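Undergrad: What follows is entry08.txt; its format and atoms are compact mmCIF, C-alpha atoms (C1' of nucleotides).
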# COMPACT_ATOMS: atom_id res chain seq x y z
CA MET A 1 0.00 0.00 0.00
CA PRO A 2 2.57 2.58 0.98
CA LYS A 3 2.76 5.12 -1.78
CA VAL A 4 5.52 7.61 -1.50
CA GLY A 5 4.93 11.31 -1.08
CA MET A 6 2.10 10.97 1.37
CA GLU A 7 3.40 13.41 3.93
CA PRO A 8 1.82 16.60 2.60
CA ILE A 9 -1.42 14.80 1.83
CA ARG A 10 -1.63 13.25 5.26
CA LYS A 11 -0.73 16.48 6.98
CA ALA A 12 -3.34 18.42 5.06
CA ALA A 13 -5.95 15.81 5.86
CA LEU A 14 -5.07 15.97 9.53
CA VAL A 15 -5.22 19.74 9.63
CA LYS A 16 -8.61 19.71 8.02
CA ALA A 17 -9.84 16.97 10.30
CA THR A 18 -8.57 18.85 13.33
CA ILE A 19 -10.64 21.89 12.44
CA VAL A 20 -13.71 19.84 11.70
CA GLU A 21 -13.46 17.88 14.93
CA ILE A 22 -12.86 20.92 17.10
CA GLY A 23 -15.83 22.57 15.47
CA ARG A 24 -17.96 19.48 15.86
CA VAL A 25 -17.12 18.81 19.48
CA GLY A 26 -17.04 22.49 20.33
CA SER A 27 -13.89 22.28 22.39
CA LEU A 28 -10.24 21.34 22.32
CA ASP A 29 -11.13 18.09 24.02
CA VAL A 30 -10.72 16.10 20.88
CA THR A 31 -8.61 13.00 20.94
CA VAL A 32 -5.89 12.35 18.45
CA SER A 33 -7.73 9.17 17.57
CA GLN A 34 -10.86 11.09 16.64
CA ILE A 35 -8.89 13.41 14.42
CA ALA A 36 -6.93 10.59 12.85
CA LYS A 37 -10.03 8.55 12.24
CA ARG A 38 -11.76 11.42 10.50
CA ALA A 39 -8.64 11.92 8.41
CA GLY A 40 -8.71 8.25 7.52
CA MET A 41 -5.65 6.95 9.28
CA SER A 42 -4.43 5.51 12.56
CA SER A 43 -3.59 7.70 15.52
CA ALA A 44 -0.04 6.39 15.38
CA LEU A 45 0.36 7.86 11.94
CA ALA A 46 -0.93 11.20 13.11
CA HIS A 47 1.74 11.18 15.78
CA HIS A 48 4.26 10.18 13.17
CA TYR A 49 3.66 13.24 11.03
CA PHE A 50 2.99 15.73 13.78
CA GLY A 51 5.07 15.13 16.83
CA SER A 52 2.28 15.95 19.22
CA LYS A 53 -1.32 16.94 19.48
CA GLU A 54 -0.31 20.48 20.22
CA ASP A 55 1.55 20.62 16.93
CA MET A 56 -1.62 19.57 15.17
CA PHE A 57 -3.55 22.35 16.83
CA LEU A 58 -0.94 24.89 15.87
CA ALA A 59 -0.85 23.65 12.30
CA ALA A 60 -4.62 23.96 12.16
CA MET A 61 -4.41 27.51 13.45
CA ARG A 62 -1.76 28.39 10.93
CA HIS A 63 -3.90 26.96 8.21
CA ILE A 64 -6.91 29.03 9.16
CA LEU A 65 -4.75 32.10 9.48
CA THR A 66 -3.22 31.43 6.09
CA LEU A 67 -6.60 31.05 4.44
CA TYR A 68 -7.74 34.19 6.13
CA GLY A 69 -4.67 36.12 5.06
CA ALA A 70 -5.03 35.00 1.48
CA GLU A 71 -8.66 36.02 1.43
CA VAL A 72 -7.87 39.48 2.73
CA ARG A 73 -4.99 39.99 0.34
CA GLY A 74 -7.13 38.87 -2.56
CA ALA A 75 -9.91 41.24 -1.64
CA LEU A 76 -7.42 44.03 -1.19
CA VAL A 77 -5.76 43.89 -4.60
CA ALA A 78 -9.17 43.99 -6.22
CA SER A 79 -10.13 47.28 -4.66
CA ARG A 80 -9.04 50.91 -4.95
CA GLY A 81 -9.23 53.69 -2.46
CA PRO A 82 -9.51 53.55 1.34
CA GLN A 83 -13.26 53.28 1.50
CA GLU A 84 -13.44 50.37 -0.88
CA ARG A 85 -10.50 48.70 0.76
CA LEU A 86 -12.08 48.91 4.19
CA HIS A 87 -15.18 47.26 2.89
CA ALA A 88 -13.04 44.61 1.29
CA VAL A 89 -11.21 43.84 4.52
CA ILE A 90 -14.40 43.66 6.50
CA SER A 91 -16.15 41.49 3.94
CA ALA A 92 -13.19 39.14 3.79
CA ASN A 93 -13.59 38.51 7.49
CA PHE A 94 -17.07 37.24 6.85
CA SER A 95 -16.49 35.51 3.55
CA PRO A 96 -18.06 32.10 3.07
CA ALA A 97 -14.66 30.46 3.45
CA ASN A 98 -14.03 32.00 6.85
CA PHE A 99 -17.48 32.50 8.28
CA ARG A 100 -18.43 28.85 8.56
CA ARG A 101 -19.61 26.91 11.60
CA GLU A 102 -16.49 24.80 11.96
CA VAL A 103 -14.13 27.67 11.38
CA ILE A 104 -15.97 29.93 13.80
CA GLY A 105 -15.96 27.19 16.39
CA ALA A 106 -12.29 26.49 15.83
CA TRP A 107 -11.52 30.18 16.04
CA LEU A 108 -13.14 30.53 19.42
CA ASN A 109 -11.19 27.57 20.69
CA PHE A 110 -7.95 28.97 19.39
CA TYR A 111 -8.55 32.01 21.54
CA VAL A 112 -8.71 29.69 24.48
CA LEU A 113 -5.65 27.80 23.34
CA ALA A 114 -3.81 31.09 23.17
CA GLN A 115 -4.37 31.50 26.90
CA SER A 116 -2.15 28.59 27.75
CA VAL A 117 0.03 27.91 24.71
CA PRO A 118 2.36 30.83 24.04
CA GLN A 119 2.89 29.84 20.42
CA ALA A 120 -0.84 30.00 19.84
CA GLY A 121 -0.93 33.41 21.44
CA ARG A 122 1.76 34.59 19.08
CA LEU A 123 -0.16 33.36 16.06
CA LEU A 124 -3.30 35.08 17.21
CA ARG A 125 -1.42 38.30 17.78
CA VAL A 126 -0.10 38.10 14.24
CA TYR A 127 -3.68 37.99 13.05
CA GLN A 128 -4.67 40.88 15.27
CA ARG A 129 -1.79 43.01 14.12
CA ARG A 130 -2.51 42.25 10.50
CA LEU A 131 -6.17 43.11 10.82
CA ARG A 132 -5.36 46.27 12.72
CA SER A 133 -2.78 47.43 10.23
CA ASN A 134 -5.09 46.75 7.31
CA LEU A 135 -7.83 48.76 8.91
CA LEU A 136 -5.57 51.51 10.13
CA SER A 137 -3.81 52.27 6.88
CA ASN A 138 -7.14 52.74 5.16
CA LEU A 139 -8.77 54.58 7.99
CA ARG A 140 -6.10 57.20 8.35
CA PRO A 141 -6.93 59.04 5.15
CA LEU A 142 -10.60 58.99 6.12
CA ALA A 143 -10.60 59.56 9.82
CA GLY A 144 -7.28 61.20 10.60
CA PRO A 145 -6.45 61.12 14.31
CA LYS A 146 -9.60 59.16 15.09
CA ALA A 147 -8.29 56.31 12.98
CA ASP A 148 -6.54 54.60 15.82
CA GLU A 149 -9.44 54.10 18.17
CA LEU A 150 -11.74 53.47 15.28
CA ALA A 151 -9.58 50.57 14.20
CA SER A 152 -9.66 49.16 17.71
CA GLY A 153 -13.40 49.40 17.81
CA LEU A 154 -13.84 47.80 14.43
CA ALA A 155 -11.51 44.96 15.25
CA ALA A 156 -13.31 44.29 18.52
CA LEU A 157 -16.64 44.42 16.78
CA ILE A 158 -15.55 41.88 14.20
CA ASP A 159 -14.30 39.51 16.86
CA GLY A 160 -17.46 40.06 18.85
CA VAL A 161 -19.66 39.18 15.91
CA TYR A 162 -17.70 35.95 15.55
CA LEU A 163 -18.10 35.18 19.20
CA ARG A 164 -21.85 35.69 19.10
CA GLU A 165 -22.18 33.65 15.99
CA ALA A 166 -20.53 30.76 17.79
CA LEU A 167 -23.46 30.63 20.20
CA LYS A 168 -26.09 30.63 17.52
CA GLN A 169 -27.11 27.64 15.50
CA GLY A 170 -27.92 27.32 11.85
CA VAL A 171 -26.01 28.58 8.87
CA PRO A 172 -24.06 31.78 9.57
CA ASP A 173 -25.10 34.80 7.54
CA GLY A 174 -21.89 36.45 6.47
CA LYS A 175 -23.62 39.26 4.66
CA ALA A 176 -25.61 40.33 7.71
CA ALA A 177 -22.53 40.07 9.90
CA ALA A 178 -20.47 42.22 7.57
CA ASP A 179 -23.27 44.78 7.47
CA VAL A 180 -23.06 45.28 11.21
CA ALA A 181 -19.39 46.18 10.91
CA ILE A 182 -19.84 48.31 7.81
CA ASN A 183 -22.68 50.15 9.45
CA TYR A 184 -20.44 50.92 12.39
CA LEU A 185 -17.77 52.17 10.05
CA ASN A 186 -20.11 54.40 8.10
CA SER A 187 -21.65 56.05 11.09
CA GLN A 188 -18.25 56.69 12.61
CA LEU A 189 -17.02 58.26 9.42
CA LYS A 190 -20.13 60.40 9.04
CA GLY A 191 -20.12 62.19 12.33
CA PRO A 192 -16.67 62.54 13.90
CA SER A 193 -18.72 63.01 17.06
CA LEU A 194 -17.45 64.87 20.06
CA MET B 1 -13.50 19.33 63.58
CA PRO B 2 -16.73 19.06 61.68
CA LYS B 3 -18.67 22.23 62.22
CA VAL B 4 -22.20 22.20 61.04
CA GLY B 5 -23.50 24.53 58.38
CA MET B 6 -20.46 24.34 56.18
CA GLU B 7 -22.26 23.65 52.98
CA PRO B 8 -22.85 27.21 51.80
CA ILE B 9 -19.37 28.24 52.87
CA ARG B 10 -17.73 25.34 51.09
CA LYS B 11 -19.78 25.82 47.99
CA ALA B 12 -18.97 29.49 47.81
CA ALA B 13 -15.29 28.75 48.27
CA LEU B 14 -15.41 26.19 45.49
CA VAL B 15 -17.19 28.51 43.12
CA LYS B 16 -14.64 31.20 43.73
CA ALA B 17 -11.77 28.77 43.38
CA THR B 18 -13.21 27.45 40.15
CA ILE B 19 -13.22 30.89 38.61
CA VAL B 20 -9.73 31.66 39.82
CA GLU B 21 -8.32 28.38 38.55
CA ILE B 22 -9.97 28.61 35.16
CA GLY B 23 -8.65 32.12 34.85
CA ARG B 24 -5.20 31.09 35.99
CA VAL B 25 -4.86 28.06 33.76
CA GLY B 26 -6.67 29.73 30.90
CA SER B 27 -8.80 26.75 30.05
CA LEU B 28 -11.39 24.38 31.40
CA ASP B 29 -8.66 21.81 31.87
CA VAL B 30 -8.57 22.30 35.58
CA THR B 31 -8.74 19.29 37.81
CA VAL B 32 -11.16 19.02 40.65
CA SER B 33 -8.16 18.52 42.88
CA GLN B 34 -6.71 21.85 41.84
CA ILE B 35 -9.95 23.62 42.54
CA ALA B 36 -10.47 21.84 45.84
CA LYS B 37 -6.94 22.55 46.92
CA ARG B 38 -7.31 26.24 46.22
CA ALA B 39 -10.56 26.21 48.12
CA GLY B 40 -8.79 24.52 51.01
CA MET B 41 -10.36 21.10 51.03
CA SER B 42 -10.03 17.61 49.62
CA SER B 43 -11.30 16.73 46.17
CA ALA B 44 -13.62 14.21 47.74
CA LEU B 45 -15.37 16.99 49.59
CA ALA B 46 -15.76 18.97 46.42
CA HIS B 47 -17.44 15.98 44.88
CA HIS B 48 -19.57 15.65 47.96
CA TYR B 49 -21.04 19.13 47.64
CA PHE B 50 -21.20 19.33 43.90
CA GLY B 51 -22.03 16.07 42.27
CA SER B 52 -19.65 16.59 39.40
CA LYS B 53 -17.11 18.90 37.92
CA GLU B 54 -19.65 20.09 35.42
CA ASP B 55 -21.91 21.18 38.25
CA MET B 56 -19.04 23.23 39.63
CA PHE B 57 -18.55 24.92 36.31
CA LEU B 58 -22.23 25.71 36.01
CA ALA B 59 -22.35 27.06 39.55
CA ALA B 60 -19.38 29.27 38.73
CA MET B 61 -21.13 30.55 35.65
CA ARG B 62 -24.27 31.26 37.57
CA HIS B 63 -22.26 33.12 40.13
CA ILE B 64 -20.62 35.36 37.56
CA LEU B 65 -23.94 35.94 35.88
CA THR B 66 -25.52 36.81 39.21
CA LEU B 67 -22.81 39.31 40.05
CA TYR B 68 -23.15 40.78 36.61
CA GLY B 69 -26.90 41.04 36.90
CA ALA B 70 -26.69 42.72 40.26
CA GLU B 71 -24.19 45.21 38.98
CA VAL B 72 -26.37 46.15 36.04
CA ARG B 73 -29.48 46.43 38.15
CA GLY B 74 -27.68 48.58 40.63
CA ALA B 75 -26.39 50.90 37.95
CA LEU B 76 -29.82 51.07 36.41
CA VAL B 77 -31.78 52.20 39.45
CA ALA B 78 -29.28 54.99 39.97
CA SER B 79 -29.87 56.54 36.59
CA ARG B 80 -32.69 58.39 34.82
CA GLY B 81 -33.45 58.66 31.17
CA PRO B 82 -32.44 56.42 28.27
CA GLN B 83 -29.11 58.07 27.59
CA GLU B 84 -27.93 57.83 31.15
CA ARG B 85 -29.22 54.32 31.46
CA LEU B 86 -27.37 53.16 28.39
CA HIS B 87 -24.17 54.51 29.80
CA ALA B 88 -24.91 52.78 33.05
CA VAL B 89 -25.45 49.43 31.37
CA ILE B 90 -22.30 49.74 29.34
CA SER B 91 -20.22 50.85 32.28
CA ALA B 92 -21.54 48.00 34.39
CA ASN B 93 -20.18 45.57 31.84
CA PHE B 94 -16.73 46.96 32.43
CA SER B 95 -16.98 47.60 36.12
CA PRO B 96 -14.01 46.60 38.27
CA ALA B 97 -15.94 43.64 39.62
CA ASN B 98 -16.61 42.19 36.18
CA PHE B 99 -13.72 43.39 34.11
CA ARG B 100 -10.99 41.49 35.90
CA ARG B 101 -8.42 39.06 34.50
CA GLU B 102 -9.88 35.96 36.09
CA VAL B 103 -13.45 36.85 35.27
CA ILE B 104 -12.61 37.70 31.69
CA GLY B 105 -10.72 34.45 31.33
CA ALA B 106 -13.54 32.49 32.89
CA TRP B 107 -16.04 34.23 30.66
CA LEU B 108 -14.21 33.23 27.52
CA ASN B 109 -14.08 29.65 28.69
CA PHE B 110 -17.76 29.64 29.46
CA TYR B 111 -18.41 30.51 25.86
CA VAL B 112 -16.53 27.38 24.95
CA LEU B 113 -18.35 25.36 27.57
CA ALA B 114 -21.61 26.54 26.06
CA GLN B 115 -20.64 24.82 22.83
CA SER B 116 -20.83 21.39 24.35
CA VAL B 117 -22.91 21.71 27.53
CA PRO B 118 -26.50 22.71 26.76
CA GLN B 119 -27.10 24.03 30.25
CA ALA B 120 -24.15 26.38 29.88
CA GLY B 121 -25.54 27.54 26.57
CA ARG B 122 -28.82 28.32 28.21
CA LEU B 123 -27.16 30.38 30.91
CA LEU B 124 -25.20 32.33 28.38
CA ARG B 125 -28.30 32.99 26.37
CA VAL B 126 -29.97 34.36 29.47
CA TYR B 127 -27.14 36.83 29.77
CA GLN B 128 -27.37 37.76 26.12
CA ARG B 129 -31.09 38.29 26.30
CA ARG B 130 -30.79 40.40 29.39
CA LEU B 131 -28.10 42.58 27.91
CA ARG B 132 -30.02 42.93 24.70
CA SER B 133 -33.26 43.86 26.39
CA ASN B 134 -31.54 46.39 28.63
CA LEU B 135 -29.95 48.05 25.65
CA LEU B 136 -33.00 47.85 23.48
CA SER B 137 -35.50 49.37 25.84
CA ASN B 138 -33.28 52.40 26.27
CA LEU B 139 -32.28 52.63 22.64
CA ARG B 140 -35.79 52.66 21.30
CA PRO B 141 -36.65 56.17 22.49
CA LEU B 142 -33.36 57.43 21.09
CA ALA B 143 -32.93 55.50 17.88
CA GLY B 144 -36.39 54.38 16.90
CA PRO B 145 -36.38 51.66 14.26
CA LYS B 146 -32.59 51.57 14.24
CA ALA B 147 -32.64 50.41 17.85
CA ASP B 148 -32.71 46.78 17.01
CA GLU B 149 -29.58 46.51 14.97
CA LEU B 150 -27.87 49.06 17.13
CA ALA B 151 -28.41 46.83 20.13
CA SER B 152 -26.96 43.88 18.26
CA GLY B 153 -23.92 45.88 17.32
CA LEU B 154 -23.38 47.17 20.81
CA ALA B 155 -23.73 43.74 22.34
CA ALA B 156 -21.26 42.27 19.87
CA LEU B 157 -18.86 45.10 20.50
CA ILE B 158 -18.98 44.57 24.23
CA ASP B 159 -18.30 40.87 23.85
CA GLY B 160 -15.55 41.61 21.37
CA VAL B 161 -13.82 43.97 23.75
CA TYR B 162 -13.90 41.22 26.35
CA LEU B 163 -12.46 38.74 23.91
CA ARG B 164 -9.60 41.02 22.97
CA GLU B 165 -8.87 41.83 26.56
CA ALA B 166 -8.44 38.13 27.21
CA LEU B 167 -5.46 38.08 24.86
CA LYS B 168 -3.76 41.04 26.45
CA GLN B 169 -1.76 40.96 29.61
CA GLY B 170 -1.63 43.37 32.48
CA VAL B 171 -4.44 45.00 34.39
CA PRO B 172 -7.58 45.52 32.27
CA ASP B 173 -8.63 49.13 31.83
CA GLY B 174 -12.37 49.15 32.26
CA LYS B 175 -12.70 52.85 31.63
CA ALA B 176 -10.98 52.66 28.25
CA ALA B 177 -13.02 49.61 27.32
CA ALA B 178 -16.28 51.29 28.20
CA ASP B 179 -15.26 54.33 26.19
CA VAL B 180 -14.96 52.27 23.05
CA ALA B 181 -18.54 51.13 23.43
CA ILE B 182 -19.85 54.54 24.45
CA ASN B 183 -18.09 56.10 21.52
CA TYR B 184 -19.80 53.64 19.23
CA LEU B 185 -23.12 54.47 20.79
CA ASN B 186 -22.66 58.20 20.47
CA SER B 187 -21.65 58.18 16.86
CA GLN B 188 -24.54 55.91 15.98
CA LEU B 189 -26.98 58.20 17.71
CA LYS B 190 -25.52 61.29 16.09
CA GLY B 191 -25.76 60.38 12.46
CA PRO B 192 -28.53 57.89 11.71
CA SER B 193 -26.46 57.33 8.59
CA LEU B 194 -27.90 56.04 5.34
C1' DG C 1 19.62 -7.51 -4.82
C1' DT C 2 20.55 -5.79 -0.69
C1' DT C 3 20.18 -1.64 2.09
C1' DT C 4 17.80 2.44 3.28
C1' DT C 5 14.07 5.35 3.40
C1' DT C 6 9.10 6.17 3.78
C1' DG C 7 4.48 4.68 5.09
C1' DT C 8 1.62 2.30 8.17
C1' DT C 9 -0.66 0.16 12.18
C1' DG C 10 -1.94 -2.86 16.40
C1' DA C 11 -0.52 -3.26 20.76
C1' DT C 12 1.39 -1.35 24.74
C1' DT C 13 2.93 1.89 28.21
C1' DG C 14 2.38 5.27 31.55
C1' DA C 15 0.16 9.05 33.44
C1' DC C 16 -3.50 11.36 34.97
C1' DG C 17 -7.95 12.37 36.72
C1' DA C 18 -13.19 11.94 37.75
C1' DG C 19 -15.87 9.84 40.74
C1' DT C 20 -16.75 6.30 44.66
C1' DC C 21 -16.16 4.19 49.13
C1' DA C 22 -15.17 3.14 53.71
C1' DA C 23 -13.93 5.04 57.77
C1' DT C 24 -13.66 8.62 61.34
C1' DA C 25 -15.56 12.18 64.07
C1' DA C 26 -18.08 16.01 65.63
C1' DA C 27 -22.57 17.81 66.20
C1' DC C 28 -27.52 17.54 66.64
C1' DT C 29 -31.96 14.68 67.87
C1' DT C 30 -34.87 12.18 70.89
C1' DA D 1 -26.88 7.48 75.60
C1' DA D 2 -28.12 5.69 71.48
C1' DG D 3 -29.04 6.96 66.83
C1' DT D 4 -28.93 10.09 63.03
C1' DT D 5 -27.19 13.57 60.30
C1' DT D 6 -23.32 16.41 58.55
C1' DA D 7 -18.40 17.05 57.64
C1' DT D 8 -14.30 15.21 56.05
C1' DT D 9 -10.58 12.60 53.83
C1' DG D 10 -7.18 8.89 52.14
C1' DA D 11 -7.27 5.24 49.32
C1' DC D 12 -9.01 3.08 45.47
C1' DT D 13 -11.32 2.02 40.94
C1' DC D 14 -11.87 2.54 36.37
C1' DG D 15 -11.54 4.73 32.16
C1' DT D 16 -9.25 7.50 28.87
C1' DC D 17 -5.67 9.13 26.13
C1' DA D 18 -1.07 10.92 24.44
C1' DA D 19 2.84 9.00 23.07
C1' DT D 20 5.96 5.06 21.93
C1' DC D 21 7.34 0.66 20.03
C1' DA D 22 7.87 -3.29 17.29
C1' DA D 23 6.85 -5.03 13.20
C1' DC D 24 5.69 -5.27 8.41
C1' DA D 25 5.54 -3.57 3.51
C1' DA D 26 6.60 -1.06 -0.49
C1' DA D 27 9.36 1.98 -2.92
C1' DA D 28 14.01 4.18 -3.84
C1' DA D 29 18.85 4.17 -3.76
C1' DC D 30 23.09 2.00 -4.39
When written as structure tokens, how does the structure in this file appear?

TA:
Amino acid sequence: MPKVGMEPIRKAALVKATIVEIGRVGSLDVTVSQIAKRAGMSSALAHHYFGSKEDMFLAAMRHILTLYGAEVRGALVASRGPQERLHAVISANFSPANFRREVIGAWLNFYVLAQSVPQAGRLLRVYQRRLRSNLLSNLRPLAGPKADELASGLAALIDGVYLREALKQGVPDGKAAADVAINYLNSQLKGPSL
Amino acid sequence: MPKVGMEPIRKAALVKATIVEIGRVGSLDVTVSQIAKRAGMSSALAHHYFGSKEDMFLAAMRHILTLYGAEVRGALVASRGPQERLHAVISANFSPANFRREVIGAWLNFYVLAQSVPQAGRLLRVYQRRLRSNLLSNLRPLAGPKADELASGLAALIDGVYLREALKQGVPDGKAAADVAINYLNSQLKGPSL
DNA sequence: GTTTTTGTTGATTGACGAGTCAATAAACTT
DNA sequence: AAGTTTATTGACTCGTCAATCAACAAAAAC
């Protein structure tokens, strides 16, 4: 049976299975066996490719972050001007690829993982910085000095919408979610308030 | 040694210890022994008073929710008019009692718990409903038909600020956090936007 | 064609932890 | 004072699970 060149295939399958299982169970209390089974292999093989369960989790996080980053970059190159770019960034956060049950569930759990696994915290901070910088660079020309706190608010709002979605059931509505954030943005840009 | 009437004392100690330990470890992977030890008793006794670990978690959630509810109610009776009341509700969410490291950490983990333990989900939904209704009833006179989505946005923002605080280190700044939400509120009330 | 590398798994180890039990003792009841 | 209830714990059971190992097989290298 052994065909050569399985490593990347197996690893990809495990990463995917990890996300699905975490999403399904709703916590990080998934066994390596569960993940391996879903990925169609023995738990021993999972350990063979990833040294430990923690490595699997981190790989899964990286994968989600990579997908997310690609989505944002893609949306960004297709848009001109700060306003359009902001909308693109926000929409990317709620794109069908990212705003799915399993991914949302996994995301929430990665926040928890970040509390105890420093490496996970670092990954999450990379995401936060990236989001913040994307928002900030496009907000500055529109909001000037207000840009900074506006970016913070927007970022928190996006995360909050994710969090709340995790508690709901049914198919997530990315459009509606994005609208909440865009609405916030618009009203903040309209009236610079006091 | 056995003094009578220990039950409420022990239970309270366990609830407190549960929150502290979850906050300290940063996950629900706390052993009953750890909790019991921090509460100054044997794990057997912890099992004696609460049937199971899950019961301890739920009791801890209820406790946090109770504190939170009391805080909000207190802030509410001390204020007049929708505007002032909204500020009161928002501030209560970030009051020193609620916006503490351990509580924030515990809160995040309860969201995760809600994914797999129905009872926890119910408790969390009680909180969400309460927050929503408090916001909504005071937003309606100020924002009219916009009130509904504004409440959703505000609620998500509040949760998001919590989530982001969980990733930070150092002492949480409740004032700054509340300002983010109040700023959102103000700008939304100013320009009803398009 | 033998050696090495890569793929693969069933079985095992070793640790840890939730929950139970039996025993002990102080405090209340009658 | 005998009996019951409440408090308390050390020791134990039983299950689970991450990680390792030994073994086998196919491909690649030499």

Undergrad: So how far away is CA of Arg80 (chain A) from CA of Pro141 (chain A), in Å?

TA: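 These two atoms are separated by 13.1 Å.
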
Undergrad: Find the nearest atom pair between each residue of region 2-113 of chain A and region 2-22 of chain D for residues within 12 Å, count all atoms listed in the file, give distances in Å to one decimal, sort rows by chain and ascending number, and present the table as CSV.

TA:
residue,atom,partner,partner_atom,distance
A:Asp29,CA,D:DC17,C1',10.7
A:Val30,CA,D:DC17,C1',10.1
A:Thr31,CA,D:DC17,C1',7.1
A:Val32,CA,D:DA18,C1',7.8
A:Ser33,CA,D:DC17,C1',8.8
A:Gln34,CA,D:DC17,C1',11.0
A:Ser43,CA,D:DA18,C1',9.8
A:Ala44,CA,D:DA19,C1',8.6
A:Leu45,CA,D:DA19,C1',11.5
A:Ala46,CA,D:DA19,C1',10.9
A:His47,CA,D:DA19,C1',7.7
A:His48,CA,D:DA19,C1',10.1
A:Phe50,CA,D:DA19,C1',11.5
A:Gly51,CA,D:DA19,C1',9.0
A:Ser52,CA,D:DA19,C1',8.0
A:Lys53,CA,D:DA18,C1',7.8
A:Glu54,CA,D:DA18,C1',10.5

Undergrad: Dump as a ChimeraX atom specification the residues of chain C that approach chain B to within 10 Å, counting only C-alpha atoms (C1' of nucleotides).

TA: /C:16-20,25-28

Undergrad: Keeping only C-alpha atoms (C1' of nucleotides), write those residues as a PDB file, in the frame of the given file.

TA:
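Result written to again-v3.pdb:
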ATOM      1  C1'  DC C  16      -3.500  11.360  34.970  1.00  0.00           C
ATOM      2  C1'  DG C  17      -7.950  12.370  36.720  1.00  0.00           C
ATOM      3  C1'  DA C  18     -13.190  11.940  37.750  1.00  0.00           C
ATOM      4  C1'  DG C  19     -15.870   9.840  40.740  1.00  0.00           C
ATOM      5  C1'  DT C  20     -16.750   6.300  44.660  1.00  0.00           C
ATOM      6  C1'  DA C  25     -15.560  12.180  64.070  1.00  0.00           C
ATOM      7  C1'  DA C  26     -18.080  16.010  65.630  1.00  0.00           C
ATOM      8  C1'  DA C  27     -22.570  17.810  66.200  1.00  0.00           C
ATOM      9  C1'  DC C  28     -27.520  17.540  66.640  1.00  0.00           C
TER      10       DC C  28
END

Undergrad: Which residue is closest to Arg129 (chain B)? Choose from B:Val25, B:Leu150, B:Ile104, B:Ala155 and count only C-alpha atoms.

TA: B:Ala155

Undergrad: In Å, with one decimal, what is the gap from CA of Ala97 (chain B) to CA of Leu167 (chain A)?

TA: 24.6 Å

Undergrad: Based on all atoms listed in the file, which of the residues in chain B come within 10 Å of chain A? I want them as a ChimeraX atom specification.

TA: /B:23-29,105,108-109,111-117,121-122,124-125,128,149-150,152-168,177,179-181,183-194

Undergrad: May I have the residues within 9 Å of Gln83 (chain B) as a PyMOL selection string, using only C-alpha atoms (C1' of nucleotides) and disregarding those fewer than 5 positions away in the same chain?

TA: chain B and resi 88+138-139+142
